[in-house]
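As stored in coords27.pdb (PDB, C-alpha atoms):
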```
MODEL        1
ATOM      1  CA  SER A   1      39.488  21.566  66.171  1.00  0.00           C
ATOM      2  CA  ALA A   2      42.838  19.875  65.626  1.00  0.00           C
ATOM      3  CA  PRO A   3      42.906  16.413  64.044  1.00  0.00           C
ATOM      4  CA  PRO A   4      43.758  13.607  66.461  1.00  0.00           C
ATOM      5  CA  ARG A   5      47.373  12.562  66.873  1.00  0.00           C
ATOM      6  CA  THR A   6      47.283   9.199  65.157  1.00  0.00           C
ATOM      7  CA  TRP A   7      50.236   9.114  62.756  1.00  0.00           C
ATOM      8  CA  GLY A   8      53.925   8.542  63.265  1.00  0.00           C
ATOM      9  CA  GLY A   9      56.694   7.515  60.901  1.00  0.00           C
ATOM     10  CA  SER A  10      59.561   8.617  58.682  1.00  0.00           C
ATOM     11  CA  LEU A  11      59.670  11.393  56.125  1.00  0.00           C
ATOM     12  CA  ARG A  12      62.507  11.895  53.643  1.00  0.00           C
ATOM     13  CA  VAL A  13      64.264  15.207  53.029  1.00  0.00           C
ATOM     14  CA  ILE A  14      64.187  15.982  49.304  1.00  0.00           C
ATOM     15  CA  ARG A  15      65.145  19.676  49.327  1.00  0.00           C
ATOM     16  CA  VAL A  16      66.940  22.034  51.694  1.00  0.00           C
ATOM     17  CA  PHE A  17      66.453  25.774  51.150  1.00  0.00           C
ATOM     18  CA  ASP A  18      68.677  28.470  52.660  1.00  0.00           C
ATOM     19  CA  GLU A  19      66.141  31.100  53.689  1.00  0.00           C
ATOM     20  CA  THR A  20      68.429  33.441  55.668  1.00  0.00           C
ATOM     21  CA  PRO A  21      71.959  33.100  57.080  1.00  0.00           C
ATOM     22  CA  ALA A  22      70.526  31.291  60.122  1.00  0.00           C
ATOM     23  CA  ILE A  23      67.323  29.679  58.835  1.00  0.00           C
ATOM     24  CA  LYS A  24      66.721  26.701  56.560  1.00  0.00           C
ATOM     25  CA  THR A  25      63.601  25.059  55.170  1.00  0.00           C
ATOM     26  CA  PHE A  26      63.407  21.273  54.866  1.00  0.00           C
ATOM     27  CA  ARG A  27      60.984  19.794  52.328  1.00  0.00           C
ATOM     28  CA  LEU A  28      59.814  16.344  53.426  1.00  0.00           C
ATOM     29  CA  VAL A  29      57.998  13.625  51.499  1.00  0.00           C
ATOM     30  CA  ASP A  30      56.678  10.127  52.087  1.00  0.00           C
ATOM     31  CA  PRO A  31      59.602   7.747  51.383  1.00  0.00           C
ATOM     32  CA  ALA A  32      57.182   5.337  49.693  1.00  0.00           C
ATOM     33  CA  GLY A  33      55.905   8.001  47.326  1.00  0.00           C
ATOM     34  CA  GLY A  34      52.459   9.509  47.026  1.00  0.00           C
ATOM     35  CA  PRO A  35      50.834  12.148  49.214  1.00  0.00           C
ATOM     36  CA  ILE A  36      51.748  12.818  52.825  1.00  0.00           C
ATOM     37  CA  GLN A  37      49.867  10.340  55.013  1.00  0.00           C
ATOM     38  CA  PHE A  38      48.427  12.880  57.423  1.00  0.00           C
ATOM     39  CA  SER A  39      46.410  16.064  57.220  1.00  0.00           C
ATOM     40  CA  PHE A  40      47.026  19.224  59.214  1.00  0.00           C
ATOM     41  CA  LEU A  41      45.712  22.726  59.782  1.00  0.00           C
ATOM     42  CA  ALA A  42      47.639  25.882  58.973  1.00  0.00           C
ATOM     43  CA  GLY A  43      49.554  26.852  62.108  1.00  0.00           C
ATOM     44  CA  GLN A  44      50.153  23.357  63.506  1.00  0.00           C
ATOM     45  CA  PHE A  45      53.519  21.765  64.297  1.00  0.00           C
ATOM     46  CA  LEU A  46      55.291  18.422  63.875  1.00  0.00           C
ATOM     47  CA  THR A  47      57.412  16.730  66.533  1.00  0.00           C
ATOM     48  CA  LEU A  48      60.800  15.327  65.524  1.00  0.00           C
ATOM     49  CA  THR A  49      62.546  12.536  67.421  1.00  0.00           C
ATOM     50  CA  ILE A  50      66.312  12.110  67.090  1.00  0.00           C
ATOM     51  CA  ALA A  51      68.958   9.987  68.777  1.00  0.00           C
ATOM     52  CA  LYS A  52      71.976  11.908  70.075  1.00  0.00           C
ATOM     53  CA  ASP A  53      74.762  10.506  72.273  1.00  0.00           C
ATOM     54  CA  GLY A  54      72.603   7.586  73.330  1.00  0.00           C
ATOM     55  CA  LYS A  55      69.667   9.815  74.247  1.00  0.00           C
ATOM     56  CA  THR A  56      66.298  10.360  72.578  1.00  0.00           C
ATOM     57  CA  ILE A  57      65.472  14.028  72.020  1.00  0.00           C
ATOM     58  CA  LYS A  58      62.168  15.459  70.824  1.00  0.00           C
ATOM     59  CA  ARG A  59      61.604  18.927  69.390  1.00  0.00           C
ATOM     60  CA  SER A  60      58.567  20.526  67.783  1.00  0.00           C
ATOM     61  CA  TYR A  61      58.712  22.725  64.675  1.00  0.00           C
ATOM     62  CA  THR A  62      55.874  24.575  63.037  1.00  0.00           C
ATOM     63  CA  ILE A  63      54.841  23.515  59.556  1.00  0.00           C
ATOM     64  CA  ALA A  64      55.561  26.289  57.059  1.00  0.00           C
ATOM     65  CA  SER A  65      53.835  24.826  53.996  1.00  0.00           C
ATOM     66  CA  SER A  66      50.172  25.009  53.066  1.00  0.00           C
ATOM     67  CA  PRO A  67      47.741  22.252  54.083  1.00  0.00           C
ATOM     68  CA  ALA A  68      46.480  22.424  50.508  1.00  0.00           C
ATOM     69  CA  GLN A  69      49.826  20.970  49.384  1.00  0.00           C
ATOM     70  CA  ARG A  70      49.572  17.209  49.810  1.00  0.00           C
ATOM     71  CA  ASP A  71      52.773  15.990  48.105  1.00  0.00           C
ATOM     72  CA  TYR A  72      55.161  17.383  50.721  1.00  0.00           C
ATOM     73  CA  VAL A  73      55.374  19.209  54.013  1.00  0.00           C
ATOM     74  CA  GLU A  74      57.974  21.840  54.936  1.00  0.00           C
ATOM     75  CA  LEU A  75      59.631  22.743  58.226  1.00  0.00           C
ATOM     76  CA  THR A  76      61.488  26.049  58.576  1.00  0.00           C
ATOM     77  CA  VAL A  77      64.120  25.907  61.322  1.00  0.00           C
ATOM     78  CA  LYS A  78      66.390  28.545  62.829  1.00  0.00           C
ATOM     79  CA  ARG A  79      69.832  27.371  63.909  1.00  0.00           C
ATOM     80  CA  GLU A  80      70.281  28.134  67.594  1.00  0.00           C
ATOM     81  CA  ASN A  81      73.802  27.979  69.019  1.00  0.00           C
ATOM     82  CA  GLN A  82      72.522  26.098  72.061  1.00  0.00           C
ATOM     83  CA  GLY A  83      69.908  24.106  70.185  1.00  0.00           C
ATOM     84  CA  VAL A  84      70.915  20.460  69.865  1.00  0.00           C
ATOM     85  CA  VAL A  85      68.281  19.534  67.294  1.00  0.00           C
ATOM     86  CA  SER A  86      68.332  22.780  65.326  1.00  0.00           C
ATOM     87  CA  ARG A  87      72.129  22.531  64.958  1.00  0.00           C
ATOM     88  CA  LEU A  88      71.837  18.907  63.843  1.00  0.00           C
ATOM     89  CA  LEU A  89      69.232  19.839  61.259  1.00  0.00           C
ATOM     90  CA  CYS A  90      70.915  22.958  59.912  1.00  0.00           C
ATOM     91  CA  ASP A  91      74.500  21.688  60.028  1.00  0.00           C
ATOM     92  CA  ASP A  92      74.258  18.000  59.213  1.00  0.00           C
ATOM     93  CA  THR A  93      70.923  17.101  57.590  1.00  0.00           C
ATOM     94  CA  ARG A  94      71.208  16.543  53.844  1.00  0.00           C
ATOM     95  CA  VAL A  95      68.915  15.555  50.997  1.00  0.00           C
ATOM     96  CA  GLY A  96      68.001  11.891  51.371  1.00  0.00           C
ATOM     97  CA  ALA A  97      67.968  11.882  55.176  1.00  0.00           C
ATOM     98  CA  LEU A  98      65.057  10.260  57.009  1.00  0.00           C
ATOM     99  CA  LEU A  99      63.445  12.126  59.889  1.00  0.00           C
ATOM    100  CA  GLN A 100      61.249  10.504  62.518  1.00  0.00           C
ATOM    101  CA  ILE A 101      58.040  12.500  62.752  1.00  0.00           C
ATOM    102  CA  ALA A 102      54.971  12.450  65.014  1.00  0.00           C
ATOM    103  CA  ALA A 103      51.624  13.642  63.703  1.00  0.00           C
ATOM    104  CA  PRO A 104      50.659  17.338  63.669  1.00  0.00           C
ATOM    105  CA  GLN A 105      49.382  19.016  66.793  1.00  0.00           C
ATOM    106  CA  GLY A 106      48.496  22.513  67.970  1.00  0.00           C
ATOM    107  CA  VAL A 107      45.498  24.792  68.178  1.00  0.00           C
ATOM    108  CA  PHE A 108      47.117  28.012  66.865  1.00  0.00           C
ATOM    109  CA  THR A 109      45.253  27.571  63.598  1.00  0.00           C
ATOM    110  CA  PHE A 110      43.190  29.504  61.071  1.00  0.00           C
ATOM    111  CA  THR A 111      41.184  27.981  58.232  1.00  0.00           C
ATOM    112  CA  GLY A 112      39.326  31.035  56.944  1.00  0.00           C
ATOM    113  CA  ALA A 113      36.029  29.989  58.484  1.00  0.00           C
ATOM    114  CA  GLU A 114      36.658  31.692  61.826  1.00  0.00           C
ATOM    115  CA  SER A 115      36.538  35.313  60.619  1.00  0.00           C
ATOM    116  CA  ASP A 116      36.035  37.583  57.611  1.00  0.00           C
ATOM    117  CA  SER A 117      39.586  38.958  57.954  1.00  0.00           C
ATOM    118  CA  ILE A 118      42.791  38.196  59.813  1.00  0.00           C
ATOM    119  CA  VAL A 119      45.735  40.106  61.253  1.00  0.00           C
ATOM    120  CA  LEU A 120      48.934  38.047  61.659  1.00  0.00           C
ATOM    121  CA  ILE A 121      51.788  39.483  63.741  1.00  0.00           C
ATOM    122  CA  GLY A 122      55.202  37.864  64.124  1.00  0.00           C
ATOM    123  CA  ALA A 123      58.951  38.408  64.352  1.00  0.00           C
ATOM    124  CA  GLY A 124      61.918  36.438  63.060  1.00  0.00           C
ATOM    125  CA  VAL A 125      61.349  32.721  62.659  1.00  0.00           C
ATOM    126  CA  GLY A 126      57.990  33.275  64.378  1.00  0.00           C
ATOM    127  CA  ALA A 127      56.763  34.103  60.881  1.00  0.00           C
ATOM    128  CA  THR A 128      56.729  30.369  60.083  1.00  0.00           C
ATOM    129  CA  PRO A 129      53.201  29.445  61.262  1.00  0.00           C
ATOM    130  CA  LEU A 130      51.904  32.715  59.829  1.00  0.00           C
ATOM    131  CA  MET A 131      53.368  31.772  56.457  1.00  0.00           C
ATOM    132  CA  SER A 132      51.490  28.482  56.526  1.00  0.00           C
ATOM    133  CA  VAL A 133      48.276  30.453  57.030  1.00  0.00           C
ATOM    134  CA  VAL A 134      49.121  32.927  54.251  1.00  0.00           C
ATOM    135  CA  ARG A 135      50.047  30.151  51.824  1.00  0.00           C
ATOM    136  CA  TYR A 136      46.870  28.240  52.608  1.00  0.00           C
ATOM    137  CA  LEU A 137      44.546  31.222  52.246  1.00  0.00           C
ATOM    138  CA  THR A 138      46.148  32.381  49.004  1.00  0.00           C
ATOM    139  CA  ASP A 139      46.155  28.810  47.656  1.00  0.00           C
ATOM    140  CA  ARG A 140      42.395  28.835  48.200  1.00  0.00           C
ATOM    141  CA  GLY A 141      41.939  32.300  46.703  1.00  0.00           C
ATOM    142  CA  TRP A 142      40.485  33.544  50.010  1.00  0.00           C
ATOM    143  CA  ALA A 143      39.045  36.917  48.925  1.00  0.00           C
ATOM    144  CA  LYS A 144      39.101  38.566  52.348  1.00  0.00           C
ATOM    145  CA  PRO A 145      41.625  40.908  54.010  1.00  0.00           C
ATOM    146  CA  ILE A 146      44.890  39.360  55.219  1.00  0.00           C
ATOM    147  CA  PHE A 147      47.212  41.697  57.135  1.00  0.00           C
ATOM    148  CA  LEU A 148      50.689  40.341  57.847  1.00  0.00           C
ATOM    149  CA  LEU A 149      52.903  42.411  60.180  1.00  0.00           C
ATOM    150  CA  LEU A 150      56.503  41.219  60.502  1.00  0.00           C
ATOM    151  CA  SER A 151      59.627  42.377  62.328  1.00  0.00           C
ATOM    152  CA  PHE A 152      63.206  41.342  61.538  1.00  0.00           C
ATOM    153  CA  ARG A 153      66.637  42.493  62.634  1.00  0.00           C
ATOM    154  CA  ALA A 154      67.966  43.362  59.171  1.00  0.00           C
ATOM    155  CA  PRO A 155      67.012  42.960  55.483  1.00  0.00           C
ATOM    156  CA  GLU A 156      68.983  39.704  55.097  1.00  0.00           C
ATOM    157  CA  ASP A 157      66.884  38.234  57.927  1.00  0.00           C
ATOM    158  CA  TYR A 158      63.593  39.009  56.142  1.00  0.00           C
ATOM    159  CA  LEU A 159      62.162  35.497  56.009  1.00  0.00           C
ATOM    160  CA  PHE A 160      60.136  34.520  52.893  1.00  0.00           C
ATOM    161  CA  ARG A 161      60.639  38.003  51.404  1.00  0.00           C
ATOM    162  CA  GLN A 162      60.613  37.101  47.703  1.00  0.00           C
ATOM    163  CA  GLU A 163      57.619  34.816  48.036  1.00  0.00           C
ATOM    164  CA  LEU A 164      55.618  37.370  50.003  1.00  0.00           C
ATOM    165  CA  GLU A 165      56.336  40.064  47.427  1.00  0.00           C
ATOM    166  CA  TYR A 166      55.181  37.669  44.704  1.00  0.00           C
ATOM    167  CA  LEU A 167      52.028  36.702  46.599  1.00  0.00           C
ATOM    168  CA  GLN A 168      51.111  40.358  47.134  1.00  0.00           C
ATOM    169  CA  GLN A 169      51.230  40.930  43.389  1.00  0.00           C
ATOM    170  CA  ARG A 170      48.829  38.060  42.745  1.00  0.00           C
ATOM    171  CA  HIS A 171      46.499  38.453  45.722  1.00  0.00           C
ATOM    172  CA  PRO A 172      45.180  41.997  46.272  1.00  0.00           C
ATOM    173  CA  TYR A 173      43.685  41.065  49.634  1.00  0.00           C
ATOM    174  CA  LEU A 174      47.129  40.269  51.084  1.00  0.00           C
ATOM    175  CA  ARG A 175      48.889  43.223  52.714  1.00  0.00           C
ATOM    176  CA  VAL A 176      52.387  42.732  54.151  1.00  0.00           C
ATOM    177  CA  PHE A 177      53.988  45.273  56.494  1.00  0.00           C
ATOM    178  CA  PRO A 178      57.637  44.501  57.394  1.00  0.00           C
ATOM    179  CA  THR A 179      59.806  46.513  59.755  1.00  0.00           C
ATOM    180  CA  MET A 180      63.529  46.213  60.543  1.00  0.00           C
ATOM    181  CA  THR A 181      65.155  46.911  63.896  1.00  0.00           C
ATOM    182  CA  ARG A 182      68.421  47.772  62.089  1.00  0.00           C
ATOM    183  CA  ALA A 183      68.456  50.003  59.017  1.00  0.00           C
ATOM    184  CA  GLU A 184      71.667  48.522  57.624  1.00  0.00           C
ATOM    185  CA  GLY A 185      72.155  44.815  57.057  1.00  0.00           C
ATOM    186  CA  ALA A 186      75.377  42.858  56.929  1.00  0.00           C
ATOM    187  CA  SER A 187      75.145  42.894  53.145  1.00  0.00           C
ATOM    188  CA  GLY A 188      75.424  46.667  53.184  1.00  0.00           C
ATOM    189  CA  GLY A 189      72.012  47.325  51.650  1.00  0.00           C
ATOM    190  CA  ALA A 190      69.986  50.068  53.275  1.00  0.00           C
ATOM    191  CA  TRP A 191      66.398  49.360  54.285  1.00  0.00           C
ATOM    192  CA  THR A 192      64.022  52.054  53.028  1.00  0.00           C
ATOM    193  CA  GLY A 193      60.883  50.728  54.700  1.00  0.00           C
ATOM    194  CA  ALA A 194      59.616  50.909  58.266  1.00  0.00           C
ATOM    195  CA  ARG A 195      62.136  50.717  61.102  1.00  0.00           C
ATOM    196  CA  GLY A 196      61.923  49.634  64.714  1.00  0.00           C
ATOM    197  CA  ARG A 197      59.990  46.951  66.520  1.00  0.00           C
ATOM    198  CA  ILE A 198      56.314  46.235  66.148  1.00  0.00           C
ATOM    199  CA  SER A 199      54.543  48.742  68.369  1.00  0.00           C
ATOM    200  CA  LYS A 200      51.153  50.285  68.890  1.00  0.00           C
ATOM    201  CA  ASP A 201      52.121  53.149  66.585  1.00  0.00           C
ATOM    202  CA  PHE A 202      53.400  50.768  63.896  1.00  0.00           C
ATOM    203  CA  ILE A 203      50.181  48.764  64.002  1.00  0.00           C
ATOM    204  CA  ALA A 204      48.123  51.943  63.756  1.00  0.00           C
ATOM    205  CA  ARG A 205      50.024  52.954  60.590  1.00  0.00           C
ATOM    206  CA  CYS A 206      49.440  49.628  58.849  1.00  0.00           C
TER
ENDMDL
END
```

Serialized structure, structure tokens:
Amino acid sequence: SAPPRTWGGSLRVIRVFDETPAIKTFRLVDPAGGPIQFSFLAGQFLTLTIAKDGKTIKRSYTIASSPAQRDYVELTVKRENQGVVSRLLCDDTRVGALLQIAAPQGVFTFTGAESDSIVLIGAGVGATPLMSVVRYLTDRGWAKPIFLLLSFRAPEDYLFRQELEYLQQRHPYLRVFPTMTRAEGASGGAWTGARGRISKDFIARC
């Protein structure tokens, strides 16, 4: 079960990572130092509160980092043209900024105790909660099958690609199956792997 919603406060941005042309990851820490003051389960989300034009706006973003990591928490956010908060984060938020955060919530979670294997399926920035699960299970050395099926538009949109390739080398139980809906990316590099959307046939081949 999810931990109760009991914490609220500020977290400081200490790193901003450009994941893809439209997606950034924000690493957040306790401004006072020390470990993050709340616990969470892989797959949960945090709620941000911002002030914009005299209004208070709240948005929820899934935690991308592993619950086993206690010194920071990471949010991976896609910039949406019509998204007030996502544009503020991706365009204007810099290292040193303070973000108002409400405690983790959500029941889309997996700890490793629920099953002897797991199949994770996602597309685009929807890979974020799945990555939290993968990071957590590999952090723990979970020696059971993990199948991760991902779909992206083009190779430059392949979120967490380098890290997933690294994790596969170190964790033989992790199997990652990406597919692209476009063979050619904006960078001009051809994709030699699977093509098309996630489908029944694609799942059967994995």

Carefully work through the PyMOL selection byres ((chain A and resi 132-145) around 12) for this structure and note down the residues it includes, as a PDB file with C-alpha atoms, in the coordinates of the input.
```pdb
ATOM      1  CA  PHE A  40      47.026  19.224  59.214  1.00  0.00           C
ATOM      2  CA  LEU A  41      45.712  22.726  59.782  1.00  0.00           C
ATOM      3  CA  ALA A  42      47.639  25.882  58.973  1.00  0.00           C
ATOM      4  CA  GLY A  43      49.554  26.852  62.108  1.00  0.00           C
ATOM      5  CA  GLN A  44      50.153  23.357  63.506  1.00  0.00           C
ATOM      6  CA  PHE A  45      53.519  21.765  64.297  1.00  0.00           C
ATOM      7  CA  THR A  62      55.874  24.575  63.037  1.00  0.00           C
ATOM      8  CA  ILE A  63      54.841  23.515  59.556  1.00  0.00           C
ATOM      9  CA  ALA A  64      55.561  26.289  57.059  1.00  0.00           C
ATOM     10  CA  SER A  65      53.835  24.826  53.996  1.00  0.00           C
ATOM     11  CA  SER A  66      50.172  25.009  53.066  1.00  0.00           C
ATOM     12  CA  PRO A  67      47.741  22.252  54.083  1.00  0.00           C
ATOM     13  CA  ALA A  68      46.480  22.424  50.508  1.00  0.00           C
ATOM     14  CA  GLN A  69      49.826  20.970  49.384  1.00  0.00           C
ATOM     15  CA  ARG A  70      49.572  17.209  49.810  1.00  0.00           C
ATOM     16  CA  VAL A  73      55.374  19.209  54.013  1.00  0.00           C
ATOM     17  CA  GLU A  74      57.974  21.840  54.936  1.00  0.00           C
ATOM     18  CA  LEU A  75      59.631  22.743  58.226  1.00  0.00           C
ATOM     19  CA  THR A  76      61.488  26.049  58.576  1.00  0.00           C
ATOM     20  CA  PHE A 108      47.117  28.012  66.865  1.00  0.00           C
ATOM     21  CA  THR A 109      45.253  27.571  63.598  1.00  0.00           C
ATOM     22  CA  PHE A 110      43.190  29.504  61.071  1.00  0.00           C
ATOM     23  CA  THR A 111      41.184  27.981  58.232  1.00  0.00           C
ATOM     24  CA  GLY A 112      39.326  31.035  56.944  1.00  0.00           C
ATOM     25  CA  ALA A 113      36.029  29.989  58.484  1.00  0.00           C
ATOM     26  CA  GLU A 114      36.658  31.692  61.826  1.00  0.00           C
ATOM     27  CA  SER A 115      36.538  35.313  60.619  1.00  0.00           C
ATOM     28  CA  ASP A 116      36.035  37.583  57.611  1.00  0.00           C
ATOM     29  CA  SER A 117      39.586  38.958  57.954  1.00  0.00           C
ATOM     30  CA  ILE A 118      42.791  38.196  59.813  1.00  0.00           C
ATOM     31  CA  VAL A 119      45.735  40.106  61.253  1.00  0.00           C
ATOM     32  CA  LEU A 120      48.934  38.047  61.659  1.00  0.00           C
ATOM     33  CA  ILE A 121      51.788  39.483  63.741  1.00  0.00           C
ATOM     34  CA  GLY A 126      57.990  33.275  64.378  1.00  0.00           C
ATOM     35  CA  ALA A 127      56.763  34.103  60.881  1.00  0.00           C
ATOM     36  CA  THR A 128      56.729  30.369  60.083  1.00  0.00           C
ATOM     37  CA  PRO A 129      53.201  29.445  61.262  1.00  0.00           C
ATOM     38  CA  LEU A 130      51.904  32.715  59.829  1.00  0.00           C
ATOM     39  CA  MET A 131      53.368  31.772  56.457  1.00  0.00           C
ATOM     40  CA  ILE A 146      44.890  39.360  55.219  1.00  0.00           C
ATOM     41  CA  PHE A 147      47.212  41.697  57.135  1.00  0.00           C
ATOM     42  CA  LEU A 148      50.689  40.341  57.847  1.00  0.00           C
ATOM     43  CA  LEU A 149      52.903  42.411  60.180  1.00  0.00           C
ATOM     44  CA  PHE A 160      60.136  34.520  52.893  1.00  0.00           C
ATOM     45  CA  GLU A 163      57.619  34.816  48.036  1.00  0.00           C
ATOM     46  CA  LEU A 164      55.618  37.370  50.003  1.00  0.00           C
ATOM     47  CA  TYR A 166      55.181  37.669  44.704  1.00  0.00           C
ATOM     48  CA  LEU A 167      52.028  36.702  46.599  1.00  0.00           C
ATOM     49  CA  GLN A 168      51.111  40.358  47.134  1.00  0.00           C
ATOM     50  CA  GLN A 169      51.230  40.930  43.389  1.00  0.00           C
ATOM     51  CA  ARG A 170      48.829  38.060  42.745  1.00  0.00           C
ATOM     52  CA  HIS A 171      46.499  38.453  45.722  1.00  0.00           C
ATOM     53  CA  PRO A 172      45.180  41.997  46.272  1.00  0.00           C
ATOM     54  CA  TYR A 173      43.685  41.065  49.634  1.00  0.00           C
ATOM     55  CA  LEU A 174      47.129  40.269  51.084  1.00  0.00           C
ATOM     56  CA  ARG A 175      48.889  43.223  52.714  1.00  0.00           C
ATOM     57  CA  VAL A 176      52.387  42.732  54.151  1.00  0.00           C
TER      58      VAL A 176
END
```

Got a sec to check which residues sit within 12 Å of (64.9, 19.2, 58.4), counting all atoms listed in the file, and write them as a ChimeraX atom specification?
/A:10-18,23-29,46-50,59-64,73-79,85-101

Which is closest to Gln105 in chain A among A:Ser39, A:Asp30, A:Gly9, A:Ala22, if we use only C-alpha atoms?
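Between A:Ser39, A:Asp30, A:Gly9, A:Ala22, the residue approaching Gln105 in chain A most closely is A:Ser39.
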
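In this model, the gap between CA of Thr179 in chain A and CA of Ser199 in chain A comes to 10.3 Å.
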
To one decimal place, how far is CA of Asp71 in chain A from CA of Ala103 in chain A in Å?
15.8 Å

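From CA of Ala51 in chain A back to CA of Gly106 in chain A, the distance works out to 24.0 Å.
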
Counting all atoms listed in the file, the option among A:Asp157, A:Glu165, A:Glu19, A:Asp201 closest to Ala123 in chain A:
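Between A:Asp157, A:Glu165, A:Glu19, A:Asp201, the residue approaching Ala123 in chain A most closely is A:Asp157.
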
Where is the centre and how long are the edges: axis-aligned box on range 153-168 of chain A, 6 Å on each side, Å to one decimal, as lines of an AutoDock Vina configuration file:
```
center_x = 60.0
center_y = 38.9
center_z = 53.7
size_x = 29.9
size_y = 20.8
size_z = 29.9
```
